[in-house]
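K.L.:
After the structure tokens below, expect a handful of questions from me.
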Amino acid sequence: MTTTPEPRFSHVDDATAMRASLSLLLPALTFVSSHGSVEDLLASSPEADVVILDLHLANTGQPDASQGTAAIRRIVEAGYRVCIYSQEERRFVLAACLAAGATGVVSKAASLAEAEAAFRAVAADEPVIPPGITGLIEVLVRRRSITVLSPRQREVLAHRARGLTYAEMSRTMYLSESTLRGYWMELAQLVSEYLRETSPGDIEHALGLRPGDLLDLWPG
Amino acid sequence: MTRLRGFVGVGHASGAWILDPCSAIPPPISDNAQVPHSTRAAAVRLVAFFVAGMRLATLAQMAPSLLAAMPALPRVDHPWLTGASWILATVMLVAVAALTVVTRRPPAVPYAVLDVAVAVALLVVGLWTVPVELRTGTWVGFQLGYALCVSCGLSAVRSRWLWMFLLASLAIAEVVYIAPTVSDLTDLTLAVSTCLTLLVLGPLAWFGCQTIVRIGTEADEARRYAAAAAKAEEERRARLAIHNGTAMMRLLVETDAADGNGALRSQAEVELNRMRAYLSGQTPPPVGDATNLAAVVTAVGAEFDDLPITVVADLAQDVSLTRDLADDLAAALRSLLLNVRQHAQAGRVVLHAAEDEDGAGWEVTLHDDGIGFDTAATELGVGLREVVVEQLARSSVEVRISSIRDLGTTVTLTQASGVEVS
């Protein structure tokens, strides 16, 4: 009998207190390292499956530190999955993180239980997308910018955008939670590809934004 | 999923309700309910005056013949019987008219039966007291006119069978009374016409009086219904005006948040203005300028930023609401979010608004991942029932509540496609 290996996490945050406390607050998770910058993470090359990443890493002590979408890209290119763990709430910034390759986005305001569940989901390659961003994806689908979703996937998207859990969806859609999770993973995969491959201009147009609104946020 | 009529909380195993308050009409009024300014009472008085008027008119028509008949009594065959007939008829006419005027009601059933009995007796006695040649076409033979007057005064007799019996008794007595006058075809037609007068006018008066009283009764019922509806509406307005305000006050008292929580203070001020407007009989001032669905939802969500709330309204940007619906929707969402704040213990709240894909309707969903509740066993509170369900139903917005214990609650507000709201 084979057992699924426990996922390993590495934490990148410029706040010393956060780096020191997260592993203590989430003792059920296996933390293999913590770093103050992406450069330090990449130099250490820890044996981790998921990097829990704060978005804002530059400070007076490390003014040139990589941060934002650039940091995400570097970590993803190094072979890690990335879960954003940030106080950032601007939806377009968070959507840009997904476009840069992040698998999940978790608010630091979330409860510890919710955060732990989200980190584990990312470790299992399950996208974690907050309802706010799911709402943006709904707009892209409604405006025919994303056209590859099946009716079931669209239904799952609508429910997720309204905040419903798999358990709740299961009762109304008469599908098992694992089936719904599968729909969501396929959907998120398609959306991530769309975000990576579509120009900021096209997304601005689809979302009804002004030209240039996404330019500074979107990964180049 | 169960569709409910009325407000009783009967749900379904799936934990979802659809609430339809369209059956929220005032309860029926009992017969014993007191109604001021009763139209029925006025109708009964009218009938009473009609009966009294008939009696006095008959008396007036008899009077000249009475004055002529009294001096001639010694010359007739049965002077005592004739005199007694005139006196009895006069007394009955005056007594029943007086009774009717005093009580302002037509003679009750016992009086009506007595009245008919006397009229029948006078007709039969008339066989001896009235010469055959004077029985029709004169008031010396007053019995026919008297019988007609009595037949028109039976409106208090509700029983159709009793009324028909009384009328038939009068008709038969008339036939007996005028039968001796028939000697040829002309006499026969006159006799038939005389009988038909009673058989036509009597029922006409009876049906007319019954109809007038029934119209009065129905008017009273309609007035009672309107009063009950107005009372229910006033109570609804009162609940609407003060529900959210009391919830706000409860929060302010229980959470010590009055000093530090600006959102609570702002909401309390809104509800205070609403209650003041209600007490002064004015229309509550609009809470915000927004009548766009996305703006309304976003503004209400911002008032509850102490909750872990996410507002998703991108797909509602193109939905315009009427001023009234925007205010009602905002009040309903506030009530729902106050419920979440007070009861749900939610870690995440999502307020989502979207226009239908065909652009004709819209849907607002409020979901929380809190403790949930049993929709089958929980009766809706005033806030959900009045502020949310009933008030939004006025704009054809359907409310659906779905809740699963320990998983959360979803409230869906839907304005269906093609609904025109003025």
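Residues in the structure tokens are numbered from 1 in each chain, the chains being A, B, ... in the order shown, and ligands are numbered from 1 in the order shown.
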Which residues of chain A come within 12 Å of chain B, and what is each one's closest atom pair and distance in Å (one decimal), counting only C-alpha atoms, sorted by chain and residue number, as a tab-separated table?
P.N.:
residue	atom	partner	partner_atom	distance
A:Glu89	CA	B:Thr310	CA	9.9
A:Arg90	CA	B:Thr310	CA	11.5
A:Arg91	CA	B:Val312	CA	10.4
A:Ser107	CA	B:Pro308	CA	10.6
A:Lys108	CA	B:Pro308	CA	11.6
A:Ala109	CA	B:Pro308	CA	8.1
A:Ala110	CA	B:Gly347	CA	7.5
A:Ser111	CA	B:Gly347	CA	7.1
A:Leu112	CA	B:Gly347	CA	10.5
A:Ala113	CA	B:Gly347	CA	10.0
A:Glu114	CA	B:Gly347	CA	8.5
A:Ala115	CA	B:Gly347	CA	11.4
A:Pro130	CA	B:Thr310	CA	8.8
A:Pro131	CA	B:Thr310	CA	7.1
A:Gly132	CA	B:Val312	CA	5.7
A:Ile133	CA	B:Val312	CA	8.6
A:Thr134	CA	B:Val312	CA	8.7
A:Gly135	CA	B:Val312	CA	5.8
A:Leu136	CA	B:Asp314	CA	7.0
A:Ile137	CA	B:Asp314	CA	10.0
A:Glu138	CA	B:Leu315	CA	8.0
A:Val139	CA	B:Leu315	CA	6.3
A:Leu140	CA	B:Leu315	CA	10.0
A:Val141	CA	B:Leu315	CA	10.8
A:Arg142	CA	B:Glu357	CA	7.6
A:Arg143	CA	B:Leu315	CA	9.8
A:Arg144	CA	B:Glu357	CA	11.6
A:Ala158	CA	B:His352	CA	9.9
A:His159	CA	B:Thr365	CA	10.0
A:Arg160	CA	B:Val350	CA	9.9
A:Ala161	CA	B:His352	CA	7.4
A:Arg162	CA	B:His352	CA	5.7
A:Gly163	CA	B:Val350	CA	5.5
A:Leu164	CA	B:His367	CA	7.1
A:Thr165	CA	B:Leu407	CA	8.0
A:Tyr166	CA	B:Leu407	CA	10.1
A:Ala167	CA	B:Leu407	CA	7.7
A:Glu168	CA	B:Leu407	CA	7.3
A:Met169	CA	B:Leu407	CA	11.0
A:Ser170	CA	B:Ser14	CA	11.2
A:Arg171	CA	B:Ser14	CA	7.5
A:Thr172	CA	B:Ser14	CA	8.3
A:Met173	CA	B:Ser14	CA	11.7
A:Tyr174	CA	B:Ser14	CA	11.3
A:Ala206	CA	B:Asp314	CA	11.9
A:Leu207	CA	B:Asp314	CA	8.8
A:Gly208	CA	B:Asp314	CA	10.1
A:Leu209	CA	B:Asp314	CA	11.7
K.L.:
Write the residues of the selection above to a file with N, CA and C atoms, as a tab-separated table (two decimals), in the first residue's frame.
P.N.:
chain	number	residue	atom	x	y	z
A	89	GLU	N	-5.59	42.95	-1.75
A	89	GLU	CA	-7.00	42.63	-2.03
A	89	GLU	C	-7.45	43.11	-3.40
A	90	ARG	N	-6.57	43.85	-4.10
A	90	ARG	CA	-6.99	44.34	-5.42
A	90	ARG	C	-7.10	43.14	-6.37
A	91	ARG	N	-8.28	43.02	-6.94
A	91	ARG	CA	-8.57	41.81	-7.71
A	91	ARG	C	-7.69	41.68	-8.93
A	107	SER	N	-5.86	34.97	1.30
A	107	SER	CA	-5.74	36.24	2.03
A	107	SER	C	-5.18	35.98	3.42
A	108	LYS	N	-4.35	36.89	3.89
A	108	LYS	CA	-3.84	36.75	5.25
A	108	LYS	C	-4.95	36.97	6.27
A	109	ALA	N	-6.09	37.50	5.80
A	109	ALA	CA	-7.23	37.68	6.70
A	109	ALA	C	-8.00	36.38	6.89
A	110	ALA	N	-7.69	35.37	6.09
A	110	ALA	CA	-8.42	34.10	6.21
A	110	ALA	C	-8.07	33.43	7.54
A	111	SER	N	-8.99	32.58	8.01
A	111	SER	CA	-8.72	31.86	9.25
A	111	SER	C	-7.58	30.88	9.01
A	112	LEU	N	-6.95	30.45	10.10
A	112	LEU	CA	-5.83	29.51	9.97
A	112	LEU	C	-6.29	28.19	9.34
A	113	ALA	N	-7.50	27.77	9.70
A	113	ALA	CA	-8.01	26.52	9.12
A	113	ALA	C	-8.20	26.68	7.62
A	114	GLU	N	-8.73	27.82	7.23
A	114	GLU	CA	-8.97	28.06	5.81
A	114	GLU	C	-7.64	28.15	5.07
A	115	ALA	N	-6.69	28.82	5.68
A	115	ALA	CA	-5.37	28.96	5.05
A	115	ALA	C	-4.71	27.59	4.90
A	130	PRO	N	-9.96	33.05	-5.10
A	130	PRO	CA	-11.01	33.70	-4.29
A	130	PRO	C	-12.21	34.10	-5.15
A	131	PRO	N	-13.39	34.22	-4.53
A	131	PRO	CA	-14.59	34.57	-5.29
A	131	PRO	C	-14.46	35.86	-6.10
A	132	GLY	N	-13.72	36.81	-5.57
A	132	GLY	CA	-13.56	38.07	-6.29
A	132	GLY	C	-12.96	37.86	-7.67
A	133	ILE	N	-11.94	37.03	-7.73
A	133	ILE	CA	-11.29	36.76	-9.02
A	133	ILE	C	-12.17	35.83	-9.86
A	134	THR	N	-12.85	34.91	-9.19
A	134	THR	CA	-13.77	34.04	-9.92
A	134	THR	C	-14.84	34.88	-10.62
A	135	GLY	N	-15.24	35.96	-9.98
A	135	GLY	CA	-16.21	36.86	-10.59
A	135	GLY	C	-15.67	37.48	-11.87
A	136	LEU	N	-14.37	37.82	-11.85
A	136	LEU	CA	-13.76	38.36	-13.07
A	136	LEU	C	-13.75	37.31	-14.17
A	137	ILE	N	-13.45	36.07	-13.78
A	137	ILE	CA	-13.45	35.00	-14.79
A	137	ILE	C	-14.85	34.83	-15.37
A	138	GLU	N	-15.86	34.95	-14.51
A	138	GLU	CA	-17.25	34.89	-14.99
A	138	GLU	C	-17.50	35.93	-16.06
A	139	VAL	N	-16.97	37.13	-15.83
A	139	VAL	CA	-17.16	38.21	-16.81
A	139	VAL	C	-16.50	37.83	-18.13
A	140	LEU	N	-15.28	37.29	-18.04
A	140	LEU	CA	-14.56	36.91	-19.26
A	140	LEU	C	-15.32	35.82	-20.02
A	141	VAL	N	-15.93	34.91	-19.27
A	141	VAL	CA	-16.72	33.84	-19.91
A	141	VAL	C	-17.99	34.42	-20.52
A	142	ARG	N	-18.69	35.26	-19.75
A	142	ARG	CA	-19.95	35.84	-20.21
A	142	ARG	C	-19.72	36.67	-21.48
A	143	ARG	N	-18.56	37.34	-21.54
A	143	ARG	CA	-18.29	38.21	-22.70
A	143	ARG	C	-17.55	37.47	-23.81
A	144	ARG	N	-17.59	36.14	-23.71
A	144	ARG	CA	-17.06	35.30	-24.79
A	144	ARG	C	-15.56	35.49	-25.03
A	158	ALA	N	-19.97	29.40	-11.91
A	158	ALA	CA	-21.01	30.28	-11.35
A	158	ALA	C	-21.18	30.03	-9.86
A	159	HIS	N	-21.19	28.77	-9.48
A	159	HIS	CA	-21.36	28.47	-8.05
A	159	HIS	C	-20.15	28.92	-7.24
A	160	ARG	N	-18.95	28.70	-7.78
A	160	ARG	CA	-17.75	29.12	-7.05
A	160	ARG	C	-17.72	30.64	-6.89
A	161	ALA	N	-18.14	31.34	-7.95
A	161	ALA	CA	-18.15	32.81	-7.87
A	161	ALA	C	-19.12	33.30	-6.80
A	162	ARG	N	-20.11	32.48	-6.49
A	162	ARG	CA	-21.07	32.85	-5.45
A	162	ARG	C	-20.64	32.34	-4.08
A	163	GLY	N	-19.47	31.72	-4.02
A	163	GLY	CA	-18.91	31.33	-2.74
A	163	GLY	C	-19.29	29.95	-2.28
A	164	LEU	N	-20.00	29.18	-3.09
A	164	LEU	CA	-20.46	27.86	-2.65
A	164	LEU	C	-19.30	26.88	-2.55
A	165	THR	N	-19.38	26.02	-1.56
A	165	THR	CA	-18.36	24.99	-1.40
A	165	THR	C	-18.74	23.77	-2.25
A	166	TYR	N	-17.79	22.84	-2.37
A	166	TYR	CA	-18.08	21.61	-3.13
A	166	TYR	C	-19.24	20.84	-2.49
A	167	ALA	N	-19.27	20.83	-1.16
A	167	ALA	CA	-20.34	20.10	-0.47
A	167	ALA	C	-21.70	20.68	-0.83
A	168	GLU	N	-21.78	22.02	-0.87
A	168	GLU	CA	-23.06	22.65	-1.21
A	168	GLU	C	-23.41	22.43	-2.68
A	169	MET	N	-22.41	22.55	-3.52
A	169	MET	CA	-22.65	22.32	-4.96
A	169	MET	C	-23.11	20.89	-5.21
A	170	SER	N	-22.53	19.98	-4.46
A	170	SER	CA	-22.84	18.57	-4.64
A	170	SER	C	-24.33	18.31	-4.45
A	171	ARG	N	-24.93	19.04	-3.50
A	171	ARG	CA	-26.35	18.82	-3.20
A	171	ARG	C	-27.26	19.37	-4.30
A	172	THR	N	-26.84	20.43	-4.92
A	172	THR	CA	-27.72	21.03	-5.94
A	172	THR	C	-27.44	20.48	-7.33
A	173	MET	N	-26.22	20.04	-7.57
A	173	MET	CA	-25.88	19.56	-8.92
A	173	MET	C	-25.92	18.04	-9.02
A	174	TYR	N	-26.12	17.37	-7.86
A	174	TYR	CA	-26.20	15.90	-7.84
A	174	TYR	C	-24.95	15.25	-8.44
A	206	ALA	N	-11.90	42.98	-22.77
A	206	ALA	CA	-12.97	42.05	-22.37
A	206	ALA	C	-13.63	42.48	-21.06
A	207	LEU	N	-12.81	43.05	-20.16
A	207	LEU	CA	-13.36	43.45	-18.86
A	207	LEU	C	-13.92	44.87	-18.87
A	208	GLY	N	-13.80	45.53	-20.00
A	208	GLY	CA	-14.32	46.91	-20.09
A	208	GLY	C	-13.44	47.92	-19.40
A	209	LEU	N	-12.15	47.60	-19.26
A	209	LEU	CA	-11.22	48.54	-18.61
A	209	LEU	C	-10.64	49.50	-19.64
K.L.:
Please identify all polymer residues within 9 Å of Gly212 (chain A), counting only C-alpha atoms, omitting same-chain residues fewer than 5 positions from it, and present them as a tab-separated table (two decimals) with N, CA and C atoms, in the first residue's frame.
P.N.:
chain	number	residue	atom	x	y	z
A	200	PRO	N	-2.54	41.74	-22.07
A	200	PRO	CA	-3.29	42.62	-21.15
A	200	PRO	C	-4.32	43.47	-21.90
A	201	GLY	N	-3.98	43.88	-23.11
A	201	GLY	CA	-4.92	44.71	-23.88
A	201	GLY	C	-6.23	43.99	-24.16
A	204	GLU	N	-8.12	43.74	-20.90
A	204	GLU	CA	-8.72	45.06	-20.60
A	204	GLU	C	-10.00	45.25	-21.42
K.L.:
List as a list in words the protein and nucleic acid residues near Ala63 (chain B), meaning an atom at most 10 Å away when only C-alpha atoms are counted, but skip any in the same chain fewer than 4 places from it.
P.N.:
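In the requested form, the answer reads Ala57, Thr58, Leu59, Leu67, Ala68, Ala69, Thr90, Trp139, Val140 and Phe142 of chain B.
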K.L.:
Leaving out Gly137 (chain B) and any residue of its chain fewer than 2 positions from it, which residues lie within 12 Å of it when counting only C-alpha atoms, given as a PyMOL selection string?
P.N.:
chain B and resi 132-135+139-145+178+181+187+190-191+193-194
K.L.:
May I have the residues within 6 Å of Asp54 (chain A) as a CSV table (one decimal) with C-alpha atoms, in the first residue's frame, using only C-alpha atoms and disregarding those fewer than 5 positions away in the same chain?
P.N.:
chain,number,residue,atom,x,y,z
A,13,ASP,CA,7.9,36.7,3.6
A,84,ILE,CA,0.2,33.7,-2.7
A,85,TYR,CA,-0.4,34.6,0.9
A,86,SER,CA,-0.9,38.3,1.1
K.L.:
What gap, in Å, lies between CA of Ala294 (chain B) and CA of Val382 (chain B)?
P.N.:
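One can read the CA of Ala294 (chain B) to CA of Val382 (chain B) distance as 26.5 Å.
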